[in-house]
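input23.cif follows (mmCIF, C-alpha atoms):
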data_work
loop_
_atom_site.label_atom_id
_atom_site.label_comp_id
_atom_site.auth_asym_id
_atom_site.auth_seq_id
_atom_site.Cartn_x
_atom_site.Cartn_y
_atom_site.Cartn_z
CA LEU T 915 0.42 -5.01 -93.76
CA HIS T 916 3.13 -7.07 -92.13
CA ARG T 917 4.00 -10.29 -93.89
CA LEU T 918 6.85 -12.79 -93.89
CA ILE T 919 6.31 -15.39 -96.58
CA ARG T 920 6.73 -19.09 -95.97
CA ARG T 921 5.02 -20.82 -98.86
CA GLN T 922 5.75 -21.47 -102.51
CA ARG T 923 6.46 -18.49 -104.68
CA GLN T 924 3.49 -18.29 -107.06
CA MET T 925 0.91 -18.84 -104.32
CA CYS T 926 2.64 -16.19 -102.21
CA ILE T 927 2.38 -13.57 -104.95
CA ARG T 928 -1.28 -14.34 -105.59
CA ASP T 929 -2.03 -14.29 -101.85
CA ARG T 930 -0.41 -10.87 -101.44
CA ARG T 931 -2.46 -9.46 -104.33
CA ARG T 932 -5.65 -10.95 -102.90
CA GLU T 933 -4.97 -9.74 -99.35
CA ALA T 934 -4.21 -6.20 -100.53
CA ASN T 935 -7.35 -6.17 -102.68
CA ASP T 936 -9.43 -7.37 -99.72
CA LEU T 937 -8.01 -4.58 -97.57
CA HIS T 938 -9.01 -1.95 -100.14
CA ILE T 939 -12.54 -3.40 -100.27
CA VAL T 940 -12.86 -3.11 -96.49
CA MET T 941 -11.52 0.46 -96.49
CA ALA T 942 -13.95 1.48 -99.22
CA GLU T 943 -16.85 0.04 -97.19
CA TYR T 944 -15.98 1.84 -93.95
CA GLY T 945 -14.57 5.19 -95.04
CA GLU T 946 -12.11 7.04 -97.19
CA PRO T 947 -9.17 5.07 -98.65
CA LYS T 948 -6.01 5.32 -96.58
CA PRO T 949 -2.34 4.81 -97.47
CA VAL T 950 -1.22 1.20 -97.37
CA TRP T 951 2.33 0.43 -96.29
CA ILE T 952 3.84 -3.04 -96.60
CA SER T 953 5.85 -2.77 -93.39
CA GLU T 954 7.69 -6.07 -93.85
CA MET T 955 8.11 -8.22 -96.93
CA GLY T 956 10.67 -11.00 -97.10
CA TRP T 957 11.63 -14.54 -98.00
CA SER T 958 14.20 -16.58 -96.11
CA THR T 959 17.04 -18.26 -97.99
CA GLY T 960 17.98 -20.65 -95.19
CA THR T 961 19.11 -23.62 -97.28
CA LYS T 962 18.31 -26.16 -94.53
CA ALA T 963 15.52 -24.28 -92.75
CA ILE T 964 11.91 -25.36 -92.33
CA TRP T 965 10.75 -22.60 -94.64
CA GLY T 966 12.74 -20.77 -97.28
CA VAL T 967 13.26 -20.28 -101.01
CA ASP T 968 16.04 -20.83 -103.51
CA PRO T 969 18.51 -17.91 -103.17
CA LYS T 970 18.69 -17.74 -106.98
CA GLU T 971 14.93 -17.17 -107.16
CA ARG T 972 14.57 -14.53 -104.43
CA PRO T 973 15.74 -11.48 -106.45
CA ARG T 974 13.03 -11.85 -109.06
CA MET T 975 10.44 -12.76 -106.42
CA ALA T 976 11.17 -9.56 -104.50
CA LEU T 977 11.07 -7.38 -107.61
CA GLN T 978 7.83 -8.95 -108.81
CA ALA T 979 6.23 -8.46 -105.39
CA TYR T 980 7.12 -4.75 -105.51
CA ALA T 981 5.77 -4.38 -109.05
CA ILE T 982 2.47 -6.11 -108.25
CA LEU T 983 1.78 -4.30 -104.97
CA VAL T 984 2.99 -0.84 -105.94
CA GLY T 985 2.49 -1.05 -109.71
CA GLU T 986 -1.14 -2.13 -109.35
CA GLY T 987 -1.88 0.61 -106.80
CA LEU T 988 -2.38 -1.87 -103.95
CA ALA T 989 0.32 -0.37 -101.73
CA ASP T 990 1.96 3.03 -101.35
CA LYS T 991 5.16 1.94 -99.61
CA PHE T 992 7.13 -1.30 -99.61
CA PHE T 993 9.74 -2.24 -96.99
CA TRP T 994 12.04 -5.26 -97.18
CA TYR T 995 12.83 -7.25 -94.02
CA ASN T 996 15.63 -7.13 -93.30
CA PHE T 997 18.89 -5.41 -94.25
CA HIS T 998 21.47 -7.44 -92.30
CA LYS T 999 21.31 -11.20 -91.74
CA LYS T 1000 20.79 -11.97 -88.06
CA GLY T 1001 23.12 -14.94 -87.94
CA ASN T 1002 25.07 -17.58 -89.82
CA ASN T 1003 22.87 -20.65 -89.31
CA PRO T 1004 21.36 -22.24 -92.45
CA TYR T 1005 18.83 -24.14 -90.27
CA GLU T 1006 17.27 -20.95 -88.88
CA SER T 1007 14.81 -19.26 -91.25
CA THR T 1008 14.73 -15.89 -89.51
CA TYR T 1009 18.52 -15.57 -89.72
CA ASN T 1010 18.44 -15.63 -93.53
CA LEU T 1011 16.21 -12.75 -94.57
CA GLY T 1012 18.86 -10.06 -94.93
CA LEU T 1013 20.37 -8.34 -97.94
CA ILE T 1014 23.95 -8.56 -96.66
CA GLU T 1015 25.82 -11.41 -94.96
CA HIS T 1016 26.26 -11.67 -91.21
CA GLN T 1017 29.63 -10.63 -89.77
CA THR T 1018 30.35 -14.27 -88.89
CA ALA T 1019 29.61 -15.59 -92.39
CA SER T 1020 31.94 -18.29 -93.72
CA VAL T 1021 31.91 -16.40 -97.02
CA THR T 1022 32.90 -12.73 -97.03
CA PRO T 1023 31.34 -11.01 -93.98
CA PHE T 1024 28.90 -8.24 -94.89
CA ALA T 1025 28.97 -9.32 -98.57
CA ALA T 1026 26.00 -8.09 -100.58
CA GLN T 1027 23.35 -10.63 -101.58
CA ASP T 1028 21.97 -10.60 -105.14
CA GLU T 1029 18.86 -8.84 -103.80
CA TYR T 1030 20.98 -5.90 -102.65
CA VAL T 1031 22.18 -5.37 -106.23
CA MET T 1032 18.64 -5.89 -107.56
CA PHE T 1033 17.14 -3.33 -105.16
CA THR T 1034 19.90 -0.84 -106.03
CA ALA T 1035 18.97 -1.12 -109.72
CA MET T 1036 15.26 -0.97 -108.91
CA ASN T 1037 15.67 2.20 -106.86
CA LYS T 1038 17.70 3.77 -109.66
CA LEU T 1039 15.20 2.90 -112.38
CA ILE T 1040 11.77 3.06 -110.70
CA GLY T 1041 12.32 3.78 -107.01
CA LEU T 1042 11.25 7.42 -107.35
CA ALA T 1043 8.84 6.74 -110.23
CA ASP T 1044 5.05 6.84 -110.04
CA PRO T 1045 3.07 3.77 -111.11
CA ALA T 1046 1.07 4.76 -114.19
CA GLU T 1047 -0.68 1.71 -115.66
CA TYR T 1048 -0.15 -1.97 -116.22
CA ILE T 1049 -1.10 -4.84 -118.51
CA ARG T 1050 -1.79 -8.28 -117.06
CA ARG T 1051 -2.38 -10.71 -119.89
CA GLY T 1052 -4.18 -14.02 -119.75
CA ASP T 1053 -0.94 -15.90 -120.36
CA GLU T 1054 0.51 -14.40 -117.13
CA THR T 1055 2.66 -11.91 -118.99
CA MET T 1056 3.03 -8.72 -116.93
CA LEU T 1057 4.02 -5.21 -118.05
CA TYR T 1058 4.14 -2.35 -115.53
CA HIS T 1059 4.54 1.26 -116.65
CA PHE T 1060 6.28 3.71 -114.30
CA LYS T 1061 6.75 7.46 -114.92
CA ARG T 1062 10.06 8.76 -113.63
CA TYR T 1063 10.75 12.13 -112.00
CA ASP T 1064 13.07 13.12 -114.90
CA GLY T 1065 10.38 12.65 -117.55
CA ASP T 1066 11.50 9.21 -118.70
CA ASP T 1067 9.23 6.17 -118.67
CA VAL T 1068 10.08 2.61 -117.63
CA ILE T 1069 8.37 -0.71 -118.30
CA LEU T 1070 9.08 -3.64 -116.00
CA ALA T 1071 8.11 -6.85 -117.79
CA TRP T 1072 8.18 -10.59 -117.21
CA ALA T 1073 6.37 -13.80 -118.15
CA GLU T 1074 5.63 -16.56 -115.65
CA ASP T 1075 6.46 -19.78 -117.47
CA SER T 1076 8.38 -19.02 -120.67
CA ALA T 1077 9.49 -15.98 -122.64
CA LYS T 1078 6.78 -14.17 -124.58
CA THR T 1079 6.98 -11.43 -127.21
CA VAL T 1080 4.51 -8.56 -126.80
CA GLY T 1081 3.86 -5.87 -129.38
CA MET T 1082 3.63 -2.47 -127.67
CA ARG T 1083 2.85 0.94 -129.17
CA LEU T 1084 4.91 3.39 -127.11
CA GLY T 1085 5.24 6.33 -129.48
CA CYS T 1086 9.02 6.64 -129.17
CA THR T 1087 11.88 5.64 -131.43
CA THR T 1088 14.42 4.18 -128.99
CA LEU T 1089 14.34 2.05 -125.84
CA GLU T 1090 17.13 0.96 -123.53
CA LYS T 1091 16.84 -2.56 -122.12
CA PHE T 1092 18.25 -3.56 -118.70
CA ASP T 1093 18.25 -6.78 -116.70
CA LEU T 1094 16.95 -6.90 -113.12
CA TYR T 1095 20.42 -6.03 -111.79
CA GLY T 1096 20.67 -2.86 -113.89
CA ASN T 1097 23.04 -4.20 -116.55
CA LYS T 1098 22.30 -2.66 -119.94
CA LEU T 1099 21.39 -5.36 -122.44
CA GLY T 1100 21.05 -3.17 -125.52
CA THR T 1101 19.11 -0.46 -127.34
CA LEU T 1102 15.95 -1.09 -129.38
CA THR T 1103 14.85 1.16 -132.23
CA SER T 1104 11.54 1.60 -134.05
CA ARG T 1105 10.45 3.83 -136.91
CA ASP T 1106 6.74 3.73 -136.08
CA GLY T 1107 6.84 3.65 -132.27
CA VAL T 1108 5.84 -0.03 -132.10
CA PHE T 1109 8.24 -2.40 -130.35
CA ALA T 1110 8.41 -6.16 -129.98
CA LEU T 1111 9.20 -6.45 -126.28
CA SER T 1112 10.53 -9.66 -124.82
CA ALA T 1113 8.89 -10.56 -121.50
CA GLU T 1114 11.17 -13.15 -119.94
CA VAL T 1115 11.04 -15.32 -116.84
CA GLN T 1116 13.62 -13.02 -115.27
CA PRO T 1117 12.15 -9.48 -115.17
CA VAL T 1118 13.62 -6.89 -117.55
CA TYR T 1119 13.33 -3.10 -117.78
CA TYR T 1120 12.70 -0.94 -120.87
CA LYS T 1121 13.42 2.80 -120.52
CA GLY T 1122 12.47 5.61 -122.91
CA LYS T 1123 10.08 8.53 -123.35
CA PHE T 1124 6.59 7.18 -124.11
CA SER T 1125 3.60 8.96 -125.56
CA SER T 1126 1.39 5.87 -125.28
CA PHE T 1127 1.26 2.48 -123.59
CA GLU T 1128 -0.91 -0.01 -125.43
CA GLU T 1129 -0.65 -3.41 -127.02
CA SER T 1130 -0.24 -3.49 -130.78
CA ASP T 1131 -0.10 -6.07 -133.53
CA MET T 1132 3.51 -6.71 -134.36
CA SER T 1133 4.74 -6.40 -137.91
CA LEU T 1134 7.42 -8.91 -136.89
CA SER T 1135 6.95 -12.21 -135.10
CA PHE T 1136 9.69 -14.37 -133.62
CA SER T 1137 10.36 -18.01 -132.91
CA ASP T 1138 12.45 -19.05 -129.92
CA GLY T 1139 14.51 -21.69 -131.72
CA GLY T 1140 13.25 -24.38 -129.39
CA GLY T 1141 14.92 -22.70 -126.44
CA GLU T 1142 17.72 -25.27 -125.94
CA ALA T 1143 20.45 -26.98 -127.94
CA GLY T 1144 22.86 -29.70 -126.90
CA LEU T 1145 26.58 -29.68 -127.53
CA GLY T 1146 27.24 -29.54 -131.26
CA GLU T 1147 23.54 -29.24 -132.13
CA ALA T 1148 22.13 -26.65 -134.53
CA PHE T 1149 19.09 -24.49 -133.76
CA THR T 1150 17.12 -21.99 -135.82
CA PHE T 1151 15.80 -18.56 -134.84
CA ALA T 1152 13.21 -17.19 -137.28
CA VAL T 1153 11.69 -13.76 -137.86
CA ALA T 1154 8.54 -13.36 -139.96
CA ASP T 1155 7.20 -10.07 -141.34
CA ALA T 1156 3.44 -9.56 -141.62
CA GLY T 1157 4.10 -7.13 -144.48
CA GLY T 1158 5.80 -9.79 -146.54
CA ARG T 1159 9.22 -8.12 -146.61
CA GLU T 1160 12.25 -10.33 -147.19
CA LEU T 1161 14.34 -10.18 -144.02
CA ARG T 1162 17.91 -10.94 -143.11
CA ILE T 1163 18.98 -11.22 -139.47
CA GLU T 1164 22.13 -9.39 -138.46
CA ALA T 1165 23.90 -11.68 -135.99
CA ASP T 1166 26.65 -10.63 -133.59
CA THR T 1167 27.59 -14.00 -132.12
CA GLU T 1168 30.57 -16.21 -131.35
CA LEU T 1169 28.57 -19.29 -132.37
CA GLU T 1170 28.99 -20.89 -135.77
CA VAL T 1171 26.42 -19.46 -138.22
CA VAL T 1172 25.23 -22.35 -140.37
CA ARG T 1173 22.69 -20.44 -142.44
CA ASN T 1174 21.29 -16.89 -142.54
CA GLN T 1175 18.66 -16.44 -145.21
CA GLY T 1176 15.02 -15.45 -145.62
CA GLY T 1177 14.55 -14.38 -142.01
CA GLU T 1178 15.94 -17.64 -140.62
CA LEU T 1179 19.21 -17.78 -138.71
CA THR T 1180 20.63 -21.22 -137.94
CA MET T 1181 23.54 -21.48 -135.50
CA ARG T 1182 25.42 -24.37 -133.99
CA ALA T 1183 26.25 -24.75 -130.30
CA PRO T 1184 29.88 -25.50 -129.42
CA GLY T 1185 30.85 -29.16 -129.67
CA ASP T 1186 32.63 -29.24 -126.33
CA ARG T 1187 32.67 -27.31 -123.05
#
Rewrite the coordinates I just gave you, this time as C-alpha cells.
Amino acid sequence: LHRLIRRQRQMCIRDRRREANDLHIVMAEYGEPKPVWISEMGWSTGTKAIWGVDPKERPRMALQAYAILVGEGLADKFFWYNFHKKGNNPYESTYNLGLIEHQTASVTPFAAQDEYVMFTAMNKLIGLADPAEYIRRGDETMLYHFKRYDGDDVILAWAEDSAKTVGMRLGCTTLEKFDLYGNKLGTLTSRDGVFALSAEVQPVYYKGKFSSFEESDMSLSFSDGGGEAGLGEAFTFAVADAGGRELRIEADTELEVVRNQGGELTMRAPGDR
C-alpha cells in the first residue's frame, strides 16, 4: 500500500484501518494471505500548504498509525516518507514530509524533527518487537502489546479525547513508563500484578515482563482534578480504594499542597507566571 495522507487526522487513521482490512478480505477470497508492506506513509507539515497537519500533532499521528497497522496485524512492514525534506517552502506540501530539515532551512539545516526523535524511541522500544495482542475499547482507548526480542514486553497506550485509567492484569510487579520520545516518566509497582495504567492523548509506553494481558477491575480509582486550574486556583486529585482502605497520597511537587487527607490531595497553582 502506498499512501500519502491529506485529510484530517482521525478520518485518516480510520481510513487506513479500513483499507488494510479490505485488502486482507480480498486476499483471503483469492488465495493465501501475503505480506503487506506500507511502502509510504506520511503527513506534510507545510504550514501554508494546501494540505498538511500541525507539526505538533504529527509525532503522535505517526506512532498511532504504526501501532494500528502493525499492532493489529494489518501490515508487516511500515515505511515513512520521507527522511529528508525536499525543500524549504512552507507553501509546498511535498517539501514538508521529511524527518530532518532541508539544507537551506532558515532554522538549523539538517535539524531533526520531533518525529525523528519519536521514531528513534519507537525503534528502541518496539521496533524489533512482535505484535502480540491489543485492546480497543469502546471509549477509543487503545492498548497494544508487543513482545520484545530480549524477553521484555511493552504496551503502547493512548486515549483519543481525554486521559483514561485502565486496570490491567499483567502478572508482574514493576513497570517502567516512557513518553513517546523515550523519556522515562517513572516506575510503577504492584503487589498483585494489577496496574492502573494511564492512557493519555499523547501515547505512552509501559515496559516490563508480563505473564498476562487482560483488563481487570481496579482496586484504586482516580479523579483527574478537573484537568485545568487557573493562576492561583486550587484543584483536587482524589484516589478511592474499592477495599475501603484509608489512603494518603505521597506528593512530590513544587506546587503548594493545601490539603492531603483521606485519599484527597488539594494543590494550588502558582499565582503568577
Exercise. Between T:Thr959, T:Met1036, T:Pro973, T:Asp1044, which has the minimum distance to Leu1011 (chain T) (counting all atoms listed in the file)?
Worked result: T:Thr959
For this session: Tell me which of T:His1059, T:Arg1051, T:Lys1098, T:Arg1173 sits closest to Ser1125 (chain T), counting all atoms listed in the file.
Result: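 Comparing T:His1059, T:Arg1051, T:Lys1098, T:Arg1173 against Ser1125 (chain T), the winner is T:His1059.
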Show which residues sit within 10 Å of Glu1029 (chain T), as a CSV table (one decimal) with C-alpha atoms, in the coordinates of the input. Count all atoms listed in the file, and ignore same-chain residues fewer than 2 positions away.
chain,number,residue,atom,x,y,z
T,969,PRO,CA,18.5,-17.9,-103.2
T,970,LYS,CA,18.7,-17.7,-107.0
T,971,GLU,CA,14.9,-17.2,-107.2
T,972,ARG,CA,14.6,-14.5,-104.4
T,973,PRO,CA,15.7,-11.5,-106.4
T,974,ARG,CA,13.0,-11.8,-109.1
T,975,MET,CA,10.4,-12.8,-106.4
T,976,ALA,CA,11.2,-9.6,-104.5
T,977,LEU,CA,11.1,-7.4,-107.6
T,1012,GLY,CA,18.9,-10.1,-94.9
T,1013,LEU,CA,20.4,-8.3,-97.9
T,1014,ILE,CA,24.0,-8.6,-96.7
T,1026,ALA,CA,26.0,-8.1,-100.6
T,1027,GLN,CA,23.4,-10.6,-101.6
T,1031,VAL,CA,22.2,-5.4,-106.2
T,1032,MET,CA,18.6,-5.9,-107.6
T,1033,PHE,CA,17.1,-3.3,-105.2
T,1034,THR,CA,19.9,-0.8,-106.0
T,1035,ALA,CA,19.0,-1.1,-109.7
T,1094,LEU,CA,17.0,-6.9,-113.1
T,1095,TYR,CA,20.4,-6.0,-111.8
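The spacing separating CA of Glu1170 (chain T) from CA of Ala1152 (chain T) amounts to 16.3 Å.
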Find the nearest atom pair between each residue of region 957-1005 of chain T and region 1062-1071 of chain T for residues within 10 Å, count only C-alpha atoms, give distances in Å to one decimal, sort rows by chain and ascending number, and present the table as JSON lines.
{"residue": "T:Leu977", "atom": "CA", "partner": "T:Leu1070", "partner_atom": "CA", "distance": 9.4}
{"residue": "T:Gln978", "atom": "CA", "partner": "T:Leu1070", "partner_atom": "CA", "distance": 9.0}
{"residue": "T:Ala981", "atom": "CA", "partner": "T:Leu1070", "partner_atom": "CA", "distance": 7.7}
{"residue": "T:Gly985", "atom": "CA", "partner": "T:Leu1070", "partner_atom": "CA", "distance": 9.5}
For this session: Decode the PyMOL selection byres ((chain T and resi 990) around 9) for the given file into explicit residues and return them as a list in words.
Result: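 So the PyMOL selection byres ((chain T and resi 990) around 9) ends up selecting Pro949, Val950, Trp951, Ile952, Leu983, Val984, Gly987, Leu988, Ala989, Lys991 and Phe992 of chain T.
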Problem set entry | One-decimal distance in Å that lies between CA of Phe1151 (chain T) and CA of Arg1182 (chain T) | 11.3 Å
Problem set entry | Near-Ala963 (chain T) list (10 Å; all atoms listed in the file; drop same-chain fewer than 2 positions) as a VMD selection string | chain T and resid 958 to 961 965 to 967 1003 to 1010
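Between CA of Pro1045 (chain T) and CA of Leu1099 (chain T) lies a distance of 23.4 Å.
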Could you list, as a PDB file with C-alpha atoms, in the coordinates of the input, every residue matched by the PyMOL selection byres ((chain T and resi 1121) around 12) in this structure?
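Result saved to expr05.pdb:
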ATOM      1  CA  LYS T1038      17.700   3.770-109.660  1.00  0.00           C
ATOM      2  CA  LEU T1039      15.200   2.900-112.380  1.00  0.00           C
ATOM      3  CA  ILE T1040      11.770   3.060-110.700  1.00  0.00           C
ATOM      4  CA  ALA T1043       8.840   6.740-110.230  1.00  0.00           C
ATOM      5  CA  TYR T1058       4.140  -2.350-115.530  1.00  0.00           C
ATOM      6  CA  HIS T1059       4.540   1.260-116.650  1.00  0.00           C
ATOM      7  CA  PHE T1060       6.280   3.710-114.300  1.00  0.00           C
ATOM      8  CA  LYS T1061       6.750   7.460-114.920  1.00  0.00           C
ATOM      9  CA  ARG T1062      10.060   8.760-113.630  1.00  0.00           C
ATOM     10  CA  ASP T1064      13.070  13.120-114.900  1.00  0.00           C
ATOM     11  CA  GLY T1065      10.380  12.650-117.550  1.00  0.00           C
ATOM     12  CA  ASP T1066      11.500   9.210-118.700  1.00  0.00           C
ATOM     13  CA  ASP T1067       9.230   6.170-118.670  1.00  0.00           C
ATOM     14  CA  VAL T1068      10.080   2.610-117.630  1.00  0.00           C
ATOM     15  CA  ILE T1069       8.370  -0.710-118.300  1.00  0.00           C
ATOM     16  CA  LEU T1070       9.080  -3.640-116.000  1.00  0.00           C
ATOM     17  CA  ALA T1071       8.110  -6.850-117.790  1.00  0.00           C
ATOM     18  CA  LEU T1084       4.910   3.390-127.110  1.00  0.00           C
ATOM     19  CA  CYS T1086       9.020   6.640-129.170  1.00  0.00           C
ATOM     20  CA  THR T1087      11.880   5.640-131.430  1.00  0.00           C
ATOM     21  CA  THR T1088      14.420   4.180-128.990  1.00  0.00           C
ATOM     22  CA  LEU T1089      14.340   2.050-125.840  1.00  0.00           C
ATOM     23  CA  GLU T1090      17.130   0.960-123.530  1.00  0.00           C
ATOM     24  CA  LYS T1091      16.840  -2.560-122.120  1.00  0.00           C
ATOM     25  CA  PHE T1092      18.250  -3.560-118.700  1.00  0.00           C
ATOM     26  CA  ASP T1093      18.250  -6.780-116.700  1.00  0.00           C
ATOM     27  CA  GLY T1096      20.670  -2.860-113.890  1.00  0.00           C
ATOM     28  CA  LYS T1098      22.300  -2.660-119.940  1.00  0.00           C
ATOM     29  CA  LEU T1099      21.390  -5.360-122.440  1.00  0.00           C
ATOM     30  CA  GLY T1100      21.050  -3.170-125.520  1.00  0.00           C
ATOM     31  CA  THR T1101      19.110  -0.460-127.340  1.00  0.00           C
ATOM     32  CA  LEU T1102      15.950  -1.090-129.380  1.00  0.00           C
ATOM     33  CA  THR T1103      14.850   1.160-132.230  1.00  0.00           C
ATOM     34  CA  LEU T1111       9.200  -6.450-126.280  1.00  0.00           C
ATOM     35  CA  VAL T1118      13.620  -6.890-117.550  1.00  0.00           C
ATOM     36  CA  TYR T1119      13.330  -3.100-117.780  1.00  0.00           C
ATOM     37  CA  TYR T1120      12.700  -0.940-120.870  1.00  0.00           C
ATOM     38  CA  GLY T1122      12.470   5.610-122.910  1.00  0.00           C
ATOM     39  CA  LYS T1123      10.080   8.530-123.350  1.00  0.00           C
ATOM     40  CA  PHE T1124       6.590   7.180-124.110  1.00  0.00           C
TER      41      PHE T1124
END
Keeping C-alpha atoms (and nothing else), can you write region 1001-1037 of chain T of this structure as a compact mmCIF listing (two decimals), in the first residue's frame?
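Final file, result.txt:
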# COMPACT_ATOMS: atom_id res chain seq x y z
CA GLY T 1001 12.89 21.95 0.11
CA ASN T 1002 12.33 24.97 2.30
CA ASN T 1003 8.95 26.22 1.02
CA PRO T 1004 6.05 26.23 3.53
CA TYR T 1005 3.55 26.54 0.63
CA GLU T 1006 4.61 23.23 -0.95
CA SER T 1007 3.13 20.15 0.74
CA THR T 1008 5.52 17.61 -0.76
CA TYR T 1009 8.55 19.55 0.51
CA ASN T 1010 7.49 19.09 4.14
CA LEU T 1011 7.22 15.35 4.69
CA GLY T 1012 10.76 14.70 5.92
CA LEU T 1013 12.17 13.84 9.32
CA ILE T 1014 15.09 16.27 9.08
CA GLU T 1015 15.25 19.85 7.79
CA HIS T 1016 16.39 20.77 4.30
CA GLN T 1017 19.94 22.08 3.92
CA THR T 1018 18.56 25.53 3.05
CA ALA T 1019 16.31 25.74 6.13
CA SER T 1020 16.14 29.10 7.90
CA VAL T 1021 16.40 27.17 11.16
CA THR T 1022 19.33 24.81 11.65
CA PRO T 1023 19.95 22.88 8.40
CA PHE T 1024 19.51 19.12 8.76
CA ALA T 1025 17.98 19.59 12.25
CA ALA T 1026 15.92 16.62 13.43
CA GLN T 1027 12.15 16.99 13.51
CA ASP T 1028 10.21 15.73 16.54
CA GLU T 1029 9.22 12.66 14.50
CA TYR T 1030 12.87 11.68 14.16
CA VAL T 1031 13.19 11.53 17.95
CA MET T 1032 9.85 9.71 18.22
CA PHE T 1033 10.84 7.07 15.65
CA THR T 1034 14.20 6.59 17.39
CA ALA T 1035 12.38 5.82 20.65
CA MET T 1036 9.84 3.63 18.86
CA ASN T 1037 12.57 1.57 17.19
